[in-house]
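Novice: Next comes final.json, JSON, C-alpha atoms and all ligand atoms:
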```
[["chain", "number", "residue", "atom", "x", "y", "z"],
["Z", 64, "MET", "CA", 14.29, -2.83, 9.99],
["Z", 65, "LYS", "CA", 15.59, -5.73, 7.94],
["Z", 66, "LEU", "CA", 17.03, -4.60, 4.61],
["Z", 67, "ILE", "CA", 17.20, -6.64, 1.41],
["Z", 68, "ILE", "CA", 18.86, -5.03, -1.60],
["Z", 69, "ALA", "CA", 17.64, -6.52, -4.87],
["Z", 70, "GLU", "CA", 19.49, -6.27, -8.16],
["Z", 71, "ASN", "CA", 16.56, -4.72, -10.00],
["Z", 72, "TYR", "CA", 12.77, -4.24, -10.06],
["Z", 73, "ASP", "CA", 12.06, -7.82, -11.03],
["Z", 74, "GLU", "CA", 14.22, -9.26, -8.23],
["Z", 75, "MET", "CA", 12.55, -6.90, -5.75],
["Z", 76, "SER", "CA", 9.11, -8.03, -6.92],
["Z", 77, "ARG", "CA", 10.00, -11.72, -6.77],
["Z", 78, "ALA", "CA", 11.49, -11.43, -3.26],
["Z", 79, "GLY", "CA", 8.46, -9.45, -2.09],
["Z", 80, "ALA", "CA", 6.00, -11.97, -3.53],
["Z", 81, "LYS", "CA", 7.83, -14.77, -1.74],
["Z", 82, "ILE", "CA", 7.18, -13.05, 1.61],
["Z", 83, "MET", "CA", 3.50, -12.36, 0.82],
["Z", 84, "LEU", "CA", 3.02, -15.95, -0.34],
["Z", 85, "GLU", "CA", 4.57, -17.37, 2.82],
["Z", 86, "VAL", "CA", 1.85, -15.56, 4.76],
["Z", 87, "VAL", "CA", -0.99, -16.77, 2.51],
["Z", 88, "LYS", "CA", 0.25, -20.35, 2.29],
["Z", 89, "GLY", "CA", 0.79, -20.41, 6.07],
["Z", 90, "ASN", "CA", -2.73, -19.19, 6.83],
["Z", 91, "PRO", "CA", -5.60, -19.55, 4.32],
["Z", 92, "TYR", "CA", -7.56, -17.04, 6.46],
["Z", 93, "ALA", "CA", -4.82, -14.41, 6.37],
["Z", 94, "VAL", "CA", -5.65, -10.70, 6.32],
["Z", 95, "LEU", "CA", -3.47, -8.83, 3.84],
["Z", 96, "GLY", "CA", -2.95, -5.08, 3.91],
["Z", 97, "LEU", "CA", -2.43, -4.02, 0.32],
["Z", 98, "ALA", "CA", -1.02, -1.01, -1.50],
["Z", 99, "THR", "CA", -1.40, 0.66, -4.87],
["Z", 100, "GLY", "CA", 1.11, 2.57, -6.99],
["Z", 101, "THR", "CA", 3.52, 1.38, -9.65],
["Z", 102, "THR", "CA", 5.89, -0.29, -7.19],
["Z", 103, "PRO", "CA", 3.79, -3.37, -6.19],
["Z", 104, "LEU", "CA", 2.67, -4.21, -9.75],
["Z", 105, "GLY", "CA", 5.44, -6.78, -10.28],
["Z", 106, "LEU", "CA", 4.76, -8.39, -6.90],
["Z", 107, "TYR", "CA", 1.06, -8.70, -7.76],
["Z", 108, "ALA", "CA", 1.93, -10.30, -11.11],
["Z", 109, "TYR", "CA", 4.00, -12.91, -9.24],
["Z", 110, "MET", "CA", 1.08, -13.61, -6.88],
["Z", 111, "ILE", "CA", -1.24, -14.17, -9.85],
["Z", 112, "ALA", "CA", 1.35, -16.40, -11.58],
["Z", 113, "ASP", "CA", 1.69, -18.46, -8.38],
["Z", 114, "HIS", "CA", -2.10, -18.79, -8.11],
["Z", 115, "GLU", "CA", -2.35, -19.98, -11.70],
["Z", 116, "LYS", "CA", 0.55, -22.41, -11.44],
["Z", 117, "TYR", "CA", 0.18, -23.79, -7.92],
["Z", 118, "GLY", "CA", -3.45, -23.04, -7.15],
["Z", 119, "THR", "CA", -2.72, -21.07, -3.97],
["Z", 120, "SER", "CA", -6.22, -20.17, -2.82],
["Z", 121, "TYR", "CA", -7.51, -16.80, -1.69],
["Z", 122, "ALA", "CA", -11.05, -18.04, -1.12],
["Z", 123, "HIS", "CA", -10.82, -17.24, 2.61],
["Z", 124, "VAL", "CA", -8.30, -14.41, 2.47],
["Z", 125, "ARG", "CA", -9.38, -10.89, 3.38],
["Z", 126, "THR", "CA", -7.74, -7.71, 2.17],
["Z", 127, "VAL", "CA", -7.74, -4.12, 3.37],
["Z", 128, "ASN", "CA", -6.25, -1.39, 1.23],
["Z", 129, "LEU", "CA", -4.37, 1.65, 2.42],
["Z", 130, "ASP", "CA", -6.03, 4.52, 0.67],
["Z", 131, "GLU", "CA", -8.43, 5.86, -1.97],
["Z", 132, "TYR", "CA", -8.80, 9.14, -3.83],
["Z", 133, "LYS", "CA", -11.69, 11.28, -2.67],
["Z", 134, "GLY", "CA", -14.31, 11.89, -5.33],
["Z", 135, "LEU", "CA", -13.49, 8.94, -7.60],
["Z", 136, "PRO", "CA", -16.13, 6.20, -7.88],
["Z", 137, "LYS", "CA", -14.83, 2.63, -7.77],
["Z", 138, "THR", "CA", -15.55, 2.29, -11.49],
["Z", 139, "HIS", "CA", -13.15, 5.15, -12.35],
["Z", 140, "GLU", "CA", -9.99, 3.85, -14.03],
["Z", 141, "GLN", "CA", -7.75, 5.88, -11.72],
["Z", 142, "SER", "CA", -9.50, 4.84, -8.53],
["Z", 143, "TYR", "CA", -7.52, 2.51, -6.31],
["Z", 144, "ALA", "CA", -10.53, 0.17, -6.12],
["Z", 145, "TYR", "CA", -10.32, -0.24, -9.91],
["Z", 146, "PHE", "CA", -6.52, -0.62, -9.75],
["Z", 147, "MET", "CA", -6.80, -3.49, -7.27],
["Z", 148, "ARG", "CA", -9.41, -5.36, -9.31],
["Z", 149, "LYS", "CA", -7.46, -4.98, -12.53],
["Z", 150, "ASN", "CA", -3.99, -5.70, -11.19],
["Z", 151, "LEU", "CA", -4.68, -8.34, -8.55],
["Z", 152, "PHE", "CA", -8.18, -9.42, -7.54],
["Z", 153, "ASP", "CA", -9.41, -10.39, -11.01],
["Z", 154, "GLY", "CA", -6.44, -12.77, -11.30],
["Z", 155, "LEU", "CA", -7.16, -14.58, -8.02],
["Z", 156, "ASP", "CA", -10.05, -16.61, -6.59],
["Z", 157, "ILE", "CA", -10.69, -13.97, -3.94],
["Z", 158, "ASP", "CA", -14.29, -13.14, -2.98],
["Z", 159, "PRO", "CA", -14.85, -9.43, -3.80],
["Z", 160, "GLU", "CA", -16.89, -9.26, -0.59],
["Z", 161, "ASN", "CA", -13.68, -9.97, 1.33],
["Z", 162, "THR", "CA", -11.81, -7.02, -0.18],
["Z", 163, "ASN", "CA", -11.97, -3.67, 1.53],
["Z", 164, "ILE", "CA", -11.07, -0.11, 0.62],
["Z", 165, "GLU", "CA", -12.27, 3.31, 1.67],
["Z", 166, "ASN", "CA", -15.26, 4.62, -0.28],
["Z", 167, "GLY", "CA", -13.94, 7.64, -2.17],
["Z", 168, "MET", "CA", -17.51, 8.80, -2.81],
["Z", 169, "ALA", "CA", -18.58, 8.82, 0.84],
["Z", 170, "GLU", "CA", -20.17, 12.17, 1.59],
["Z", 171, "ASP", "CA", -19.85, 11.94, 5.34],
["Z", 172, "GLU", "CA", -16.06, 11.83, 5.75],
["Z", 173, "ALA", "CA", -16.11, 11.28, 9.51],
["Z", 174, "LYS", "CA", -18.55, 8.39, 9.19],
["Z", 175, "GLU", "CA", -16.46, 6.74, 6.47],
["Z", 176, "CYS", "CA", -13.26, 7.11, 8.53],
["Z", 177, "ALA", "CA", -15.02, 5.61, 11.57],
["Z", 178, "ARG", "CA", -16.28, 2.70, 9.44],
["Z", 179, "TYR", "CA", -12.75, 1.98, 8.23],
["Z", 180, "ASP", "CA", -11.23, 2.34, 11.72],
["Z", 181, "GLU", "CA", -13.72, -0.22, 13.00],
["Z", 182, "LEU", "CA", -13.00, -2.57, 10.11],
["Z", 183, "LEU", "CA", -9.25, -2.40, 10.75],
["Z", 184, "GLU", "CA", -9.86, -3.31, 14.40],
["Z", 185, "ARG", "CA", -12.02, -6.25, 13.35],
["Z", 186, "PHE", "CA", -9.49, -7.62, 10.84],
["Z", 187, "PRO", "CA", -5.97, -7.36, 12.28],
["Z", 188, "ARG", "CA", -3.50, -7.62, 9.41],
["Z", 189, "ASP", "CA", -0.98, -10.44, 9.21],
["Z", 190, "ILE", "CA", 1.09, -8.39, 6.79],
["Z", 191, "GLN", "CA", 0.95, -4.84, 5.47],
["Z", 192, "LEU", "CA", 2.49, -4.11, 2.08],
["Z", 193, "LEU", "CA", 3.71, -0.55, 1.50],
["Z", 194, "GLY", "CA", 5.22, 1.58, -1.22],
["Z", 195, "LEU", "CA", 7.14, 4.76, -0.48],
["Z", 196, "GLY", "CA", 6.39, 8.29, -1.64],
["Z", 197, "SER", "CA", 9.35, 10.30, -2.93],
["Z", 198, "ASN", "CA", 8.71, 12.70, -0.01],
["Z", 199, "GLY", "CA", 8.77, 9.84, 2.51],
["Z", 200, "HIS", "CA", 5.01, 9.32, 2.70],
["Z", 201, "ILE", "CA", 3.42, 5.95, 3.40],
["Z", 202, "ALA", "CA", -0.13, 5.34, 2.15],
["Z", 203, "PHE", "CA", -1.26, 8.98, 1.84],
["Z", 204, "ASN", "CA", 0.21, 10.01, 5.17],
["Z", 205, "GLU", "CA", 2.10, 13.10, 4.06],
["Z", 206, "PRO", "CA", 4.98, 14.69, 6.03],
["Z", 207, "ASN", "CA", 3.97, 15.91, 9.50],
["Z", 208, "THR", "CA", 1.01, 13.54, 9.88],
["Z", 209, "PRO", "CA", 0.92, 12.56, 13.59],
["Z", 210, "PHE", "CA", 2.24, 9.05, 14.20],
["Z", 211, "GLY", "CA", -0.91, 8.39, 16.27],
["Z", 212, "SER", "CA", -3.31, 9.05, 13.38],
["Z", 213, "GLY", "CA", -6.20, 6.77, 12.40],
["Z", 214, "THR", "CA", -8.11, 6.81, 9.11],
["Z", 215, "HIS", "CA", -8.45, 10.39, 7.90],
["Z", 216, "VAL", "CA", -8.89, 12.62, 4.87],
["Z", 217, "VAL", "CA", -5.75, 14.33, 3.60],
["Z", 218, "THR", "CA", -4.94, 17.12, 1.23],
["Z", 219, "LEU", "CA", -2.20, 15.71, -0.97],
["Z", 220, "ALA", "CA", 1.22, 17.37, -1.01],
["Z", 221, "GLU", "CA", 1.99, 19.21, -4.24],
["Z", 222, "SER", "CA", 4.90, 16.80, -4.87],
["Z", 223, "THR", "CA", 2.51, 13.83, -4.55],
["Z", 224, "VAL", "CA", 0.05, 15.36, -7.02],
["Z", 225, "LYS", "CA", 2.97, 15.81, -9.45],
["Z", 226, "ASP", "CA", 4.30, 12.27, -8.87],
["Z", 227, "ASN", "CA", 0.87, 10.75, -9.50],
["Z", 228, "ALA", "CA", 0.01, 12.98, -12.48],
["Z", 229, "ARG", "CA", 1.81, 10.57, -14.82],
["Z", 230, "LEU", "CA", -1.10, 8.17, -14.42],
["Z", 231, "PHE", "CA", -3.75, 10.75, -15.41],
["Z", 232, "ASP", "CA", -4.34, 12.47, -18.76],
["Z", 233, "ASP", "CA", -3.66, 15.84, -17.17],
["Z", 234, "ILE", "CA", -2.42, 17.04, -13.78],
["Z", 235, "SER", "CA", -5.68, 18.96, -13.32],
["Z", 236, "GLU", "CA", -7.48, 15.59, -13.14],
["Z", 237, "VAL", "CA", -5.49, 14.34, -10.12],
["Z", 238, "PRO", "CA", -7.75, 14.47, -7.05],
["Z", 239, "ARG", "CA", -6.39, 16.81, -4.36],
["Z", 240, "LYS", "CA", -7.81, 14.83, -1.48],
["Z", 241, "ALA", "CA", -7.82, 11.22, -0.37],
["Z", 242, "PHE", "CA", -8.89, 8.91, 2.41],
["Z", 243, "THR", "CA", -5.98, 7.11, 4.03],
["Z", 244, "MET", "CA", -5.32, 4.57, 6.71],
["Z", 245, "GLY", "CA", -3.40, 6.28, 9.53],
["Z", 246, "ILE", "CA", 0.17, 5.68, 10.64],
["Z", 247, "ARG", "CA", -0.93, 4.11, 13.94],
["Z", 248, "GLN", "CA", -2.90, 1.52, 11.97],
["Z", 249, "ILE", "CA", -0.06, 0.79, 9.55],
["Z", 250, "MET", "CA", 2.13, 0.11, 12.60],
["Z", 251, "GLN", "CA", -0.47, -2.31, 14.04],
["Z", 252, "ALA", "CA", 0.16, -4.88, 11.28],
["Z", 253, "LYS", "CA", 1.97, -7.98, 12.54],
["Z", 254, "LYS", "CA", 4.51, -7.71, 9.75],
["Z", 255, "ILE", "CA", 5.32, -4.88, 7.34],
["Z", 256, "LEU", "CA", 6.84, -5.26, 3.89],
["Z", 257, "ILE", "CA", 7.91, -2.05, 2.18],
["Z", 258, "LEU", "CA", 9.18, -1.95, -1.40],
["Z", 259, "ALA", "CA", 11.18, 0.85, -3.00],
["Z", 260, "SER", "CA", 12.33, 1.03, -6.59],
["Z", 261, "GLY", "CA", 14.12, 3.63, -8.70],
["Z", 262, "ALA", "CA", 16.47, 6.56, -8.24],
["Z", 263, "ASN", "CA", 13.68, 9.00, -7.30],
["Z", 264, "LYS", "CA", 13.15, 7.05, -4.06],
["Z", 265, "ALA", "CA", 16.85, 7.00, -3.00],
["Z", 266, "ASP", "CA", 16.63, 10.11, -0.82],
["Z", 267, "ALA", "CA", 13.43, 8.94, 0.92],
["Z", 268, "VAL", "CA", 14.95, 5.48, 1.48],
["Z", 269, "ARG", "CA", 18.02, 6.99, 3.15],
["Z", 270, "LYS", "CA", 15.90, 9.17, 5.44],
["Z", 271, "MET", "CA", 13.58, 6.26, 6.26],
["Z", 272, "VAL", "CA", 16.41, 3.87, 7.17],
["Z", 273, "LYS", "CA", 19.18, 6.07, 8.51],
["Z", 274, "GLY", "CA", 17.51, 9.33, 9.45],
["Z", 275, "GLU", "CA", 15.92, 10.47, 12.66],
["Z", 276, "VAL", "CA", 12.49, 9.02, 13.51],
["Z", 277, "THR", "CA", 10.39, 12.09, 12.86],
["Z", 278, "GLU", "CA", 6.88, 12.97, 11.71],
["Z", 279, "SER", "CA", 8.44, 15.06, 8.94],
["Z", 280, "VAL", "CA", 9.46, 11.72, 7.32],
["Z", 281, "PRO", "CA", 6.44, 9.45, 7.86],
["Z", 282, "ALA", "CA", 8.26, 6.27, 6.73],
["Z", 283, "SER", "CA", 10.91, 6.77, 9.44],
["Z", 284, "VAL", "CA", 8.34, 5.44, 11.94],
["Z", 285, "LEU", "CA", 8.96, 1.99, 10.46],
["Z", 286, "GLN", "CA", 12.29, 1.89, 12.33],
["Z", 287, "LEU", "CA", 10.15, 1.31, 15.42],
["Z", 288, "HIS", "CA", 8.25, -1.72, 14.05],
["Z", 289, "PRO", "CA", 9.44, -5.09, 15.41],
["Z", 290, "ASP", "CA", 9.05, -6.96, 12.10],
["Z", 291, "CYS", "CA", 9.55, -4.69, 9.13],
["Z", 292, "ILE", "CA", 11.34, -5.71, 5.94],
["Z", 293, "LEU", "CA", 12.46, -3.24, 3.29],
["Z", 294, "ILE", "CA", 13.24, -4.56, -0.17],
["Z", 295, "ALA", "CA", 14.91, -1.89, -2.27],
["Z", 296, "ASP", "CA", 16.38, -2.23, -5.71],
["Z", 297, "GLN", "CA", 19.91, -0.96, -6.28],
["Z", 298, "GLU", "CA", 18.82, 2.44, -7.53],
["Z", 299, "ALA", "CA", 16.57, 3.06, -4.54],
["Z", 300, "ALA", "CA", 19.29, 1.82, -2.15],
["Z", 301, "ALA", "CA", 22.02, 3.96, -3.75],
["Z", 302, "ASN", "CA", 22.28, 6.44, -0.85],
["Z", 303, "LEU", "CA", 22.48, 3.89, 1.96],
["Z", 401, "LIG", "C1", 0.98, 6.91, -3.84],
["Z", 401, "LIG", "C2", 0.22, 5.95, -2.89],
["Z", 401, "LIG", "C3", 1.17, 5.23, -2.00],
["Z", 401, "LIG", "C4", 2.32, 4.72, -2.85],
["Z", 401, "LIG", "C5", 3.16, 5.89, -3.30],
["Z", 401, "LIG", "C6", 4.28, 5.51, -4.25],
["Z", 401, "LIG", "O1", 0.68, 8.24, -3.66],
["Z", 401, "LIG", "N1", -0.79, 6.55, -2.09],
["Z", 401, "LIG", "O2", 0.51, 4.17, -1.34],
["Z", 401, "LIG", "O3", 3.14, 3.88, -2.09],
["Z", 401, "LIG", "O4", 2.38, 6.93, -3.79],
["Z", 401, "LIG", "O5", 3.80, 5.23, -5.54],
["Z", 401, "LIG", "P1", 4.61, 4.51, -6.64],
["Z", 401, "LIG", "O6", 4.76, 3.10, -6.19],
["Z", 401, "LIG", "O7", 3.80, 4.64, -7.89],
["Z", 401, "LIG", "O8", 5.94, 5.21, -6.72]]
```
Would you mind writing the file out in structure tokens?
Specialist:
Amino acid sequence: MKLIIAENYDEMSRAGAKIMLEVVKGNPYAVLGLATGTTPLGLYAYMIADHEKYGTSYAHVRTVNLDEYKGLPKTHEQSYAYFMRKNLFDGLDIDPENTNIENGMAEDEAKECARYDELLERFPRDIQLLGLGSNGHIAFNEPNTPFGSGTHVVTLAESTVKDNARLFDDISEVPRKAFTMGIRQIMQAKKILILASGANKADAVRKMVKGEVTESVPASVLQLHPDCILIADQEAAANL
């Protein structure tokens, strides 16, 4: 795993955007694996700024997102579909038809997971962007998810519900289940870019980079990827 330590959140975001933009500028038909959460917000703002200033086009780009809360329609303000429109897609010239995310309202879970598995096979990702859960999760693959997993429905760890509660009016509103891309599929991306910011990620960053490769720390699997870059700000890198 290649490690870049950035001075602060803004430097992390700028360095991350540079890597994403190299992929898009190098291939107008690129497939981008995208992530939600607070961490990639700065990176997305840099992508929008670049599009506005230099006209980098996303007209032929496709995106696939990692995960979606179960039970939230895509119009819900806390759904990841809404997050992506508001924080990235609306600022680019991307065709909404070319953006993909699990359907949180799908009643037949197995059918929805199979649909997403098939889609991920059809559109191999040139790059996969990731954030990091404070418990070492990637996407919504919580500790002890098998490394061989495909798209599946998870029950969120209590710590994840607490971490994400800050974005909801009340913790009782945080969905307890979600659809997520599996670890096997994250590892299939040609390149992986993982961002980590803030002191509450320092322990997970240490385990991911220096710890044993183990299913109890999902992000540790990234040590096995041939082209994975971690950009951590100083607070997140404090325990390395
Ligand atoms: C969420 C998402 C992850 C994200 C992580 C960290 O639960 N499912 O994809 O990377 O938690 O979120 P944040 O960037 O807000 O710290």
Novice: Write out as JSON, numbers by chain each polymer residue whose atoms come within 8 Å of Tyr107 in chain Z, counting all atoms listed in the file; drop sequence neighbours fewer than 3 positions from it.
Specialist: {"Z": [80, 103, 104, 110, 111, 150, 151]}
Novice: How many Å lie between CA of Leu183 in chain Z and CA of Asn90 in chain Z, rounded to one decimal?
Specialist: 18.4 Å
Novice: As an exercise, work out the distance from CA of Val124 in chain Z to CA of Leu95 in chain Z in Å and give it to one decimal place.
Specialist: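 Result for CA of Val124 in chain Z versus CA of Leu95 in chain Z: 7.5 Å, one decimal.
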Novice: Residues within 8 Å of ligand LIG 401 (chain Z), counting only C-alpha atoms and all ligand atoms: report them as a ChimeraX atom specification.
Specialist: /Z:98-103,129-131,193-197,200-203,223-224,226-227,259-260,264
Novice: Extract, using all atoms listed in the file, all DNA, RNA and protein residues at most 10 Å from Glu236 in chain Z, discarding same-chain residues fewer than 5 positions from it, and format them as a list in words.
Specialist: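 My reading of the contact set: Gln141, Val224, Ala228, Leu230 and Phe231 of chain Z.
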Novice: Quick one: of Z:Lys149, Z:Pro206, Z:Leu106, Z:Ile164, who's nearest to Ile82 in chain Z, counting all atoms listed in the file?
Specialist: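 Of Z:Lys149, Z:Pro206, Z:Leu106, Z:Ile164, the one nearest Ile82 in chain Z, counting all atoms listed in the file, is Z:Leu106.
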Novice: Could you check how far CA of Thr214 in chain Z sits from CA of Met271 in chain Z, in Å to one decimal?
Specialist: 21.9 Å
Novice: Would you list the contacts of Ala262 in chain Z as a list of chain:residue names, taking every protein, DNA or RNA residue within 9 Å and counting only C-alpha atoms, but skipping same-chain residues closer than 2 positions in sequence?
Specialist: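 So the residues in contact are Z:Ser260, Z:Lys264, Z:Ala265, Z:Asp266, Z:Gln297, Z:Glu298, Z:Ala299, Z:Ala300, Z:Ala301.
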Novice: Just C-alpha atoms for this one: save the residues we selected as a short mmCIF file (atom, residue, chain, number, x, y, z; two decimals), keeping the file's coordinate frame.
Specialist:
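The file below, result15.cif, is the result:
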```cif
data_model
loop_
_atom_site.label_atom_id
_atom_site.label_comp_id
_atom_site.auth_asym_id
_atom_site.auth_seq_id
_atom_site.Cartn_x
_atom_site.Cartn_y
_atom_site.Cartn_z
CA SER Z 260 12.33 1.03 -6.59
CA LYS Z 264 13.15 7.05 -4.06
CA ALA Z 265 16.85 7.00 -3.00
CA ASP Z 266 16.63 10.11 -0.82
CA GLN Z 297 19.91 -0.96 -6.28
CA GLU Z 298 18.82 2.44 -7.53
CA ALA Z 299 16.57 3.06 -4.54
CA ALA Z 300 19.29 1.82 -2.15
CA ALA Z 301 22.02 3.96 -3.75
#
```
Novice: Go through Z:Asp171, Z:Leu192, Z:Leu97, Z:Glu181 one by one, measure the shortest atom-to-atom distance of each to Arg148 in chain Z using all atoms listed in the file, and give the residue with the smallest value.
Specialist: Z:Leu97
Novice: Around the point (-20.8, 4.0, -0.1), in the coordinates given by the file, pick out the residues reaching within 12 Å, counting all atoms listed in the file, and return them as a PyMOL selection string.
Specialist: chain Z and resi 133-137+163-172+174-176+178-179
Novice: Using all atoms listed in the file, list the residues that have an atom at most 9 Å from (8.6, 10.2, 10.7), coordinates as in the file, as a compact mmCIF listing (two decimals) with C-alpha atoms, in the frame of the given file.
Specialist:
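Final output, saved to point-v5.txt:
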```txt
# COMPACT_ATOMS: atom_id res chain seq x y z
CA GLY Z 199 8.77 9.84 2.51
CA HIS Z 200 5.01 9.32 2.70
CA PRO Z 206 4.98 14.69 6.03
CA ASN Z 207 3.97 15.91 9.50
CA THR Z 208 1.01 13.54 9.88
CA PRO Z 209 0.92 12.56 13.59
CA PHE Z 210 2.24 9.05 14.20
CA MET Z 271 13.58 6.26 6.26
CA GLU Z 275 15.92 10.47 12.66
CA VAL Z 276 12.49 9.02 13.51
CA THR Z 277 10.39 12.09 12.86
CA GLU Z 278 6.88 12.97 11.71
CA SER Z 279 8.44 15.06 8.94
CA VAL Z 280 9.46 11.72 7.32
CA PRO Z 281 6.44 9.45 7.86
CA ALA Z 282 8.26 6.27 6.73
CA SER Z 283 10.91 6.77 9.44
CA VAL Z 284 8.34 5.44 11.94
CA LEU Z 285 8.96 1.99 10.46
```
Novice: Using all atoms listed in the file, which of the listed residues (Z:Val87, Z:Leu256, Z:Ala93, Z:Val272) sits closest to Ile294 in chain Z?
Specialist: Z:Leu256
